[in-house]
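Undergrad: Take this structure, written in structure tokens, and hold onto it; I'll ask about it next.
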Amino acid sequence: MMSIFGFTMFFGIFGGILWANARRWRKLAESYAGAPPAPAALEERNLQSAVLLGLDGVNSLKGIVKIGVYEAGVSLRIMAPFSLFHAPLFIPYVDIQGWATSWYLDARSTELAFRQTPEVKIVMPAEQAEWIRSFAGHKMTLRETSPPDGKAGQGWRALALIHAALSLVLIGWLCVHYVSGLQF
């Protein structure tokens with residue numbers, strides 16, 4: 001009896017966490033859920049990464065996104081087993097605008113905004129966004145300027161710089177105390 005209760009609690013909590021983490025994706029799905037149109041994708045890429053921003057939070061989808069490009073738009077899918085509560089999306093190119101941003105510390109990145117769901121944005125590596133744009137023609141806009149409501153990722157950059165500065169202060173403090181403890 002106790003094991004049934006334990007399993008129920010485990011799966012209930014696990015499902016609740018997945019449900020809560022999928023809310024940004026579900027918000028996009030309100031406008032863009034659906035299978036891509038026939039014929040098949042012009043090209044697809046598996047194991048891609050993206051970050052969902054908005055609704056007072058962030059979701060990292062590192063290496064679990066499948067992207068397909070079509071004549072009219074782009075499809076985004078989360079790969080199994082992470083796809084629970086993540087319906088496939090199809091976003092027309094004309095609904096996508098992108099700006100250069102500095103989310104990733106080690107690579108250029110692009111912030112994508114969507115016409116029908118402006119409160120949720122996707123940040124992805126710039127190379128990935130440019131690959132999508134290469135199939136969109138003039139239907140999708142990517143700009144090298146900052147997004148109109150500020151760059152995403154500046155908080156992460158500040159956090160990394162503060163962490164590095166505090167680490168240097170600690171190392172300096174330890175060195176001073178170590179050297180002052182030595183007797184010549």
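Starting from 1 in every chain, residues are counted up; chains themselves are A, B, ... following the order of the structure tokens, and ligands are numbered from 1 as listed.
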Neighbours of region 133-146 of chain A within 6 Å (only C-alpha atoms; same-chain residues fewer than 5 positions away dropped), as a list of chain:residue names?

TA: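 These residues fall inside the cut-off: A:Tyr93, A:Val94, A:Ile96, A:Gln97, A:Gly98, A:Trp99, A:Ala100, A:Lys151.
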
Undergrad: Restricting it to C-alpha atoms, dump the selection as an mmCIF file, in the first residue's frame.

TA:
data_model
loop_
_atom_site.group_PDB
_atom_site.id
_atom_site.type_symbol
_atom_site.label_atom_id
_atom_site.label_comp_id
_atom_site.auth_asym_id
_atom_site.auth_seq_id
_atom_site.Cartn_x
_atom_site.Cartn_y
_atom_site.Cartn_z
ATOM 1 C CA TYR A 93 8.061 32.993 -41.153
ATOM 2 C CA VAL A 94 6.073 36.235 -41.398
ATOM 3 C CA ILE A 96 9.049 35.864 -36.678
ATOM 4 C CA GLN A 97 11.392 38.770 -36.019
ATOM 5 C CA GLY A 98 14.880 38.383 -34.631
ATOM 6 C CA TRP A 99 17.541 40.552 -33.040
ATOM 7 C CA ALA A 100 21.147 39.991 -32.069
ATOM 8 C CA LYS A 151 19.006 42.558 -24.754
#

Undergrad: Can you tell me, as a list in words, what residues are no more than 8 Å from Glu111 (chain A) when counting only C-alpha atoms, ignoring any on the same chain fewer than 4 positions away?

TA: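 Contacts, with the query itself left out: Gly98, Trp99, Ala100, Thr101, Lys121, Ile122, Val123, Met124, Pro147 and Ala152 of chain A.
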
Undergrad: Take the residues that were just selected and, keeping all heavy atoms, output them as a PDB file, in the first residue's frame.

TA:
ATOM      1  N   GLY A  98      13.745  38.721 -35.472  1.00  0.00           N
ATOM      2  CA  GLY A  98      14.880  38.383 -34.631  1.00  0.00           C
ATOM      3  C   GLY A  98      15.857  39.523 -34.493  1.00  0.00           C
ATOM      4  O   GLY A  98      15.988  40.361 -35.389  1.00  0.00           O
ATOM      5  N   TRP A  99      16.537  39.548 -33.326  1.00  0.00           N
ATOM      6  CA  TRP A  99      17.541  40.552 -33.040  1.00  0.00           C
ATOM      7  C   TRP A  99      18.756  39.887 -32.431  1.00  0.00           C
ATOM      8  O   TRP A  99      18.636  38.898 -31.714  1.00  0.00           O
ATOM      9  CB  TRP A  99      17.005  41.572 -32.033  1.00  0.00           C
ATOM     10  CG  TRP A  99      15.906  42.409 -32.553  1.00  0.00           C
ATOM     11  CD1 TRP A  99      16.015  43.584 -33.228  1.00  0.00           C
ATOM     12  CD2 TRP A  99      14.504  42.146 -32.463  1.00  0.00           C
ATOM     13  NE1 TRP A  99      14.776  44.069 -33.558  1.00  0.00           N
ATOM     14  CE2 TRP A  99      13.829  43.203 -33.086  1.00  0.00           C
ATOM     15  CE3 TRP A  99      13.751  41.120 -31.902  1.00  0.00           C
ATOM     16  CZ2 TRP A  99      12.452  43.257 -33.181  1.00  0.00           C
ATOM     17  CZ3 TRP A  99      12.379  41.178 -31.991  1.00  0.00           C
ATOM     18  CH2 TRP A  99      11.750  42.235 -32.628  1.00  0.00           C
ATOM     19  N   ALA A 100      19.921  40.481 -32.692  1.00  0.00           N
ATOM     20  CA  ALA A 100      21.147  39.991 -32.069  1.00  0.00           C
ATOM     21  C   ALA A 100      21.063  40.243 -30.569  1.00  0.00           C
ATOM     22  O   ALA A 100      20.557  41.272 -30.133  1.00  0.00           O
ATOM     23  CB  ALA A 100      22.355  40.714 -32.660  1.00  0.00           C
ATOM     24  N   THR A 101      21.522  39.288 -29.792  1.00  0.00           N
ATOM     25  CA  THR A 101      21.515  39.433 -28.339  1.00  0.00           C
ATOM     26  C   THR A 101      22.756  38.763 -27.775  1.00  0.00           C
ATOM     27  O   THR A 101      23.546  38.184 -28.513  1.00  0.00           O
ATOM     28  CB  THR A 101      20.219  38.859 -27.723  1.00  0.00           C
ATOM     29  OG1 THR A 101      20.141  39.242 -26.360  1.00  0.00           O
ATOM     30  CG2 THR A 101      20.143  37.363 -27.860  1.00  0.00           C
ATOM     31  N   LYS A 121       9.597  34.672 -25.848  1.00  0.00           N
ATOM     32  CA  LYS A 121      10.625  34.777 -26.880  1.00  0.00           C
ATOM     33  C   LYS A 121      11.505  33.535 -26.826  1.00  0.00           C
ATOM     34  O   LYS A 121      11.569  32.856 -25.807  1.00  0.00           O
ATOM     35  CB  LYS A 121      11.455  36.033 -26.652  1.00  0.00           C
ATOM     36  CG  LYS A 121      10.635  37.307 -26.816  1.00  0.00           C
ATOM     37  CD  LYS A 121      11.402  38.524 -26.419  1.00  0.00           C
ATOM     38  CE  LYS A 121      10.641  39.795 -26.626  1.00  0.00           C
ATOM     39  NZ  LYS A 121       9.249  39.812 -26.315  1.00  0.00           N
ATOM     40  N   ILE A 122      12.163  33.266 -27.936  1.00  0.00           N
ATOM     41  CA  ILE A 122      13.111  32.154 -27.989  1.00  0.00           C
ATOM     42  C   ILE A 122      14.480  32.722 -28.325  1.00  0.00           C
ATOM     43  O   ILE A 122      14.627  33.505 -29.259  1.00  0.00           O
ATOM     44  CB  ILE A 122      12.701  31.110 -29.057  1.00  0.00           C
ATOM     45  CG1 ILE A 122      11.399  30.424 -28.664  1.00  0.00           C
ATOM     46  CG2 ILE A 122      13.814  30.080 -29.237  1.00  0.00           C
ATOM     47  CD1 ILE A 122      10.918  29.376 -29.650  1.00  0.00           C
ATOM     48  N   VAL A 123      15.485  32.331 -27.539  1.00  0.00           N
ATOM     49  CA  VAL A 123      16.873  32.682 -27.827  1.00  0.00           C
ATOM     50  C   VAL A 123      17.554  31.418 -28.322  1.00  0.00           C
ATOM     51  O   VAL A 123      17.404  30.351 -27.729  1.00  0.00           O
ATOM     52  CB  VAL A 123      17.589  33.221 -26.571  1.00  0.00           C
ATOM     53  CG1 VAL A 123      19.057  33.481 -26.865  1.00  0.00           C
ATOM     54  CG2 VAL A 123      16.917  34.486 -26.076  1.00  0.00           C
ATOM     55  N   MET A 124      18.258  31.550 -29.440  1.00  0.00           N
ATOM     56  CA  MET A 124      18.979  30.411 -30.002  1.00  0.00           C
ATOM     57  C   MET A 124      20.309  30.886 -30.561  1.00  0.00           C
ATOM     58  O   MET A 124      20.495  32.087 -30.765  1.00  0.00           O
ATOM     59  CB  MET A 124      18.146  29.707 -31.076  1.00  0.00           C
ATOM     60  CG  MET A 124      17.777  30.537 -32.267  1.00  0.00           C
ATOM     61  SD  MET A 124      16.841  29.655 -33.567  1.00  0.00           S
ATOM     62  CE  MET A 124      15.521  28.890 -32.694  1.00  0.00           C
ATOM     63  N   PRO A 147      17.408  44.093 -29.440  1.00  0.00           N
ATOM     64  CA  PRO A 147      15.944  44.024 -29.426  1.00  0.00           C
ATOM     65  C   PRO A 147      15.354  45.320 -28.885  1.00  0.00           C
ATOM     66  O   PRO A 147      15.987  46.026 -28.105  1.00  0.00           O
ATOM     67  CB  PRO A 147      15.641  42.869 -28.473  1.00  0.00           C
ATOM     68  CG  PRO A 147      16.897  42.105 -28.362  1.00  0.00           C
ATOM     69  CD  PRO A 147      18.007  43.045 -28.626  1.00  0.00           C
ATOM     70  N   ALA A 152      18.444  40.343 -24.094  1.00  0.00           N
ATOM     71  CA  ALA A 152      18.299  39.236 -23.143  1.00  0.00           C
ATOM     72  C   ALA A 152      19.699  38.806 -22.738  1.00  0.00           C
ATOM     73  O   ALA A 152      20.643  38.945 -23.493  1.00  0.00           O
ATOM     74  CB  ALA A 152      17.553  38.083 -23.791  1.00  0.00           C
TER      75      ALA A 152
END

Undergrad: Rank nothing, just name the residue among A:Val179, A:Ala129, A:Leu84, A:Ala41 nearest to Ile17 (chain A), using only C-alpha atoms.

TA: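 Closest to Ile17 (chain A), using only C-alpha atoms: A:Leu84.
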
Undergrad: Find, counting only C-alpha atoms, the residue in A:Gly68, A:Gly181, A:Gly57, A:Gly15 that gets nearest to Glu43 (chain A).

TA: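 Closest to Glu43 (chain A) of all the choices is A:Gly68.
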
Undergrad: Would you please extract all helix (DSSP H, G or I) residues from region 18-149 of chain A, as assigned by DSSP on the backbone, and give them as a PyMOL selection string?

TA: chain A and resi 18-21+23-32+93-95+126-139

Undergrad: Deliver the residues from the most recent selection as a file, using C-alpha atoms, as a short mmCIF file (atom, residue, chain, number, x, y, z; two decimals), in the first residue's frame.

TA:
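Just written: again07.cif:
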data_model
loop_
_atom_site.label_atom_id
_atom_site.label_comp_id
_atom_site.auth_asym_id
_atom_site.auth_seq_id
_atom_site.Cartn_x
_atom_site.Cartn_y
_atom_site.Cartn_z
CA LEU A 18 7.03 19.08 -16.14
CA TRP A 19 3.68 20.89 -16.42
CA ALA A 20 5.07 24.02 -14.75
CA ASN A 21 8.23 24.01 -16.88
CA ARG A 23 4.08 26.83 -19.52
CA ARG A 24 6.10 29.04 -21.91
CA TRP A 25 5.88 26.38 -24.62
CA ARG A 26 2.14 25.96 -23.95
CA LYS A 27 1.71 29.74 -24.32
CA LEU A 28 3.34 29.54 -27.77
CA ALA A 29 1.15 26.53 -28.56
CA GLU A 30 -2.01 28.58 -27.96
CA SER A 31 -1.22 30.40 -31.21
CA TYR A 32 1.13 28.07 -33.08
CA TYR A 93 8.06 32.99 -41.15
CA VAL A 94 6.07 36.24 -41.40
CA ASP A 95 5.35 36.02 -37.64
CA ALA A 126 22.83 32.92 -34.22
CA GLU A 127 24.03 30.23 -36.63
CA GLN A 128 20.81 28.29 -36.04
CA ALA A 129 18.62 31.38 -36.60
CA GLU A 130 20.54 32.26 -39.76
CA TRP A 131 20.01 28.71 -41.04
CA ILE A 132 16.24 29.13 -40.55
CA ARG A 133 16.40 32.57 -42.23
CA SER A 134 18.16 31.06 -45.26
CA PHE A 135 14.97 29.11 -46.05
CA ALA A 136 12.59 31.97 -45.23
CA GLY A 137 13.76 34.41 -47.88
CA HIS A 138 12.37 37.87 -47.18
CA LYS A 139 9.48 36.54 -45.07
#

Undergrad: Assign secondary structure with DSSP using the backbone only, and return the residues of chain A in strand (DSSP E or B) as a PyMOL selection string.

TA: chain A and resi 33+43-54+58-69+73-78+89-92+96-101+109-114+120-125+141-143

Undergrad: Skip Pro39 (chain A) itself and residues of its chain fewer than 2 positions away, then list as a ChimeraX atom specification all residues within 10 Å of it, counting only C-alpha atoms.

TA: /A:36-37,41-42,70-71

Undergrad: Could you please take those selected residues and save N, CA, C and O atoms as a PDB file, in the first residue's frame?

TA:
ATOM      1  N   PRO A  36       3.191  20.566 -39.081  1.00  0.00           N
ATOM      2  CA  PRO A  36       3.552  21.334 -40.270  1.00  0.00           C
ATOM      3  C   PRO A  36       2.786  20.851 -41.491  1.00  0.00           C
ATOM      4  O   PRO A  36       2.325  19.704 -41.537  1.00  0.00           O
ATOM      5  N   PRO A  37       2.620  21.713 -42.476  1.00  0.00           N
ATOM      6  CA  PRO A  37       1.880  21.326 -43.668  1.00  0.00           C
ATOM      7  C   PRO A  37       2.671  20.338 -44.534  1.00  0.00           C
ATOM      8  O   PRO A  37       3.883  20.253 -44.430  1.00  0.00           O
ATOM      9  N   ALA A  41       9.433  18.347 -44.771  1.00  0.00           N
ATOM     10  CA  ALA A  41      10.347  19.461 -44.513  1.00  0.00           C
ATOM     11  C   ALA A  41      11.417  19.554 -45.594  1.00  0.00           C
ATOM     12  O   ALA A  41      11.861  18.543 -46.133  1.00  0.00           O
ATOM     13  N   LEU A  42      11.816  20.784 -45.903  1.00  0.00           N
ATOM     14  CA  LEU A  42      12.922  20.989 -46.821  1.00  0.00           C
ATOM     15  C   LEU A  42      14.213  20.468 -46.198  1.00  0.00           C
ATOM     16  O   LEU A  42      15.050  19.884 -46.869  1.00  0.00           O
ATOM     17  N   TYR A  70      10.241  24.678 -43.661  1.00  0.00           N
ATOM     18  CA  TYR A  70       9.269  24.425 -44.728  1.00  0.00           C
ATOM     19  C   TYR A  70       9.168  25.674 -45.589  1.00  0.00           C
ATOM     20  O   TYR A  70       9.757  26.698 -45.277  1.00  0.00           O
ATOM     21  N   GLU A  71       8.401  25.593 -46.652  1.00  0.00           N
ATOM     22  CA  GLU A  71       8.188  26.749 -47.522  1.00  0.00           C
ATOM     23  C   GLU A  71       7.549  27.913 -46.767  1.00  0.00           C
ATOM     24  O   GLU A  71       7.906  29.057 -46.976  1.00  0.00           O
TER      25      GLU A  71
END

Undergrad: If you measure from CA of Val65 (chain A) to CA of Phe85 (chain A), what distance in Å do you get, rounded to one decimal?

TA: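 It comes out at 14.0 Å.
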